[in-house]
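Trainee: Attaching a single structure in structure tokens format; questions to follow.
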Amino acid sequence: MTATIYDIISANPVFTKILQHEFTGKQSFMISRVLRALNTETESFNKTREEVLKKYAETDDAGEMIVSEGNVKIRDGEMETFQKEINELLYAELDVDVKPIPVDWLDDVKLTPQEMIVLEPFVSME
């Protein structure tokens with residue numbers, strides 16, 4: 001399956017909703033495999049994002065990143081380069097070694113059309 005980190009992060013709230021539903025043993029196992037793979041990719045992204053933040057962040061005298069209003073403060077003149085690097089990470093295509101979830105497994109799950117759009121990279125229509 002191919003997806004971007006952006007796809008994975010966007011689908012997280014929908015998968016949280018799906019996890020509240022009961023499935024057969026096989027379905028539960030396969031869905032949990034997909035979620036574990038996606039969580040691994042998210043963790044890897046978060047580590048890399050932290051490194052990028054450290055690279056561009058303003059730091060205090062102790063070398064700690066300065067946080068203002070809940071956000072890490074980026075050094076003056078570096079925001080565009082920082083954003084470009086983060087976007088490259090977010091939108092890079094990843095090969096995730098799991099099979100997509102068959103769409104008919106979601107027949108009993110109440111999902112909006114918007115939620116289905118978000119799930120599209122992770123669902124097989126066959």
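FYI, nothing fancy with the structure tokens labels: chains A, B, ... in order, residues from 1 per chain, ligands from 1 as they appear.
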Mind the document's chain letters and residue numbers, and return as a ChimeraX atom specification the residues of chain A that DSSP labels alpha helix (DSSP H).
Mentor: /A:5-18,25-56,79-91,113-119
Trainee: Please identify all polymer residues within 8 Å of Ala57 in chain A, counting only C-alpha atoms, omitting same-chain residues fewer than 2 positions from it, and present them as an NGL selection string.
Mentor: :A and (53-55 or 59 or 65-66 or 72-75)
Trainee: Provide the CA of Val34 in chain A to CA of Lys17 in chain A distance in Å, to one decimal place.
Mentor: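 Distance between the two atoms: 14.7 Å.
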Trainee: So which residues touch Met1 in chain A within 7 Å, counting only C-alpha atoms, skipping near sequence neighbours fewer than 2 positions away, as an MDAnalysis selection string?
Mentor: chainID A and resid 3 95:100
Trainee: With C-alpha atoms kept, could you save the residues just selected as a compact mmCIF listing (two decimals), in the first residue's frame?
Mentor:
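Here's the written file part-v8.txt:
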```txt
# COMPACT_ATOMS: atom_id res chain seq x y z
CA ALA A 3 0.41 6.51 1.37
CA ASP A 95 5.35 1.95 0.74
CA VAL A 96 3.61 0.49 3.77
CA ASP A 97 3.93 -3.30 3.86
CA VAL A 98 0.29 -4.20 4.60
CA LYS A 99 -2.77 -4.98 2.53
CA PRO A 100 -5.54 -2.39 2.32
```
Trainee: So that I can check the surroundings of Met125 in chain A, please list as an MDAnalysis selection string every protein, DNA and RNA residue that reaches within 8 Å of it, counting only C-alpha atoms and ignoring chain neighbours fewer than 2 positions away.
Mentor: chainID A and resid 102:104 123
Trainee: Using only C-alpha atoms, which of A:Val67, A:Tyr56, A:Val118, A:Ser32 sits nearest Lys84 in chain A?
Mentor: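 Smallest distance to Lys84 in chain A is found for A:Tyr56.
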Trainee: Write out as an NGL selection string the set of residues from chain A that DSSP, computed on the backbone, places in strand (DSSP E or B).
Mentor: :A and (2-4 or 57 or 59 or 65 or 67-68 or 71-72 or 74 or 93-95 or 101-102 or 123-124)
Trainee: Which one is closest to Ser44 in chain A: A:Ala92, A:Ile5, A:His21, A:Glu126? Count only C-alpha atoms.
Mentor: A:Ile5
Trainee: As a list in words, please: the residues near Phe23 in chain A (cut-off 12 Å, only C-alpha atoms, same-chain neighbours under 6 positions excluded).
Mentor: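 Counting only C-alpha atoms, the residues come to Phe29, Met30, Ile31, Ser32, Asp104, Trp105, Leu106, Asp107, Asp108 and Val109 of chain A.
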Trainee: For Asp76 in chain A, which residue out of A:Glu64, A:Glu93, A:Glu41, A:Glu58 is the nearest one, using only C-alpha atoms?
Mentor: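 Comparing A:Glu64, A:Glu93, A:Glu41, A:Glu58 against Asp76 in chain A, the winner is A:Glu58.
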Trainee: Let me make sure I understand: among A:Thr42, A:Thr2, A:Asn71, A:Ser124, which one has the smallest atom-to-atom distance to Leu90 in chain A if we use only C-alpha atoms?
Mentor: A:Thr42
Trainee: How many Å lie between CA of Ala37 in chain A and CA of Leu94 in chain A, rounded to one decimal?
Mentor: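 Distance between the two atoms: 11.2 Å.
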Trainee: Given the choices A:Ser10, A:Thr81, A:Asn46, A:Asn87, which gets closest to Met116 in chain A if the distance is worked out from only C-alpha atoms?
Mentor: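 Using only C-alpha atoms, the shortest distance to Met116 in chain A belongs to A:Ser10.
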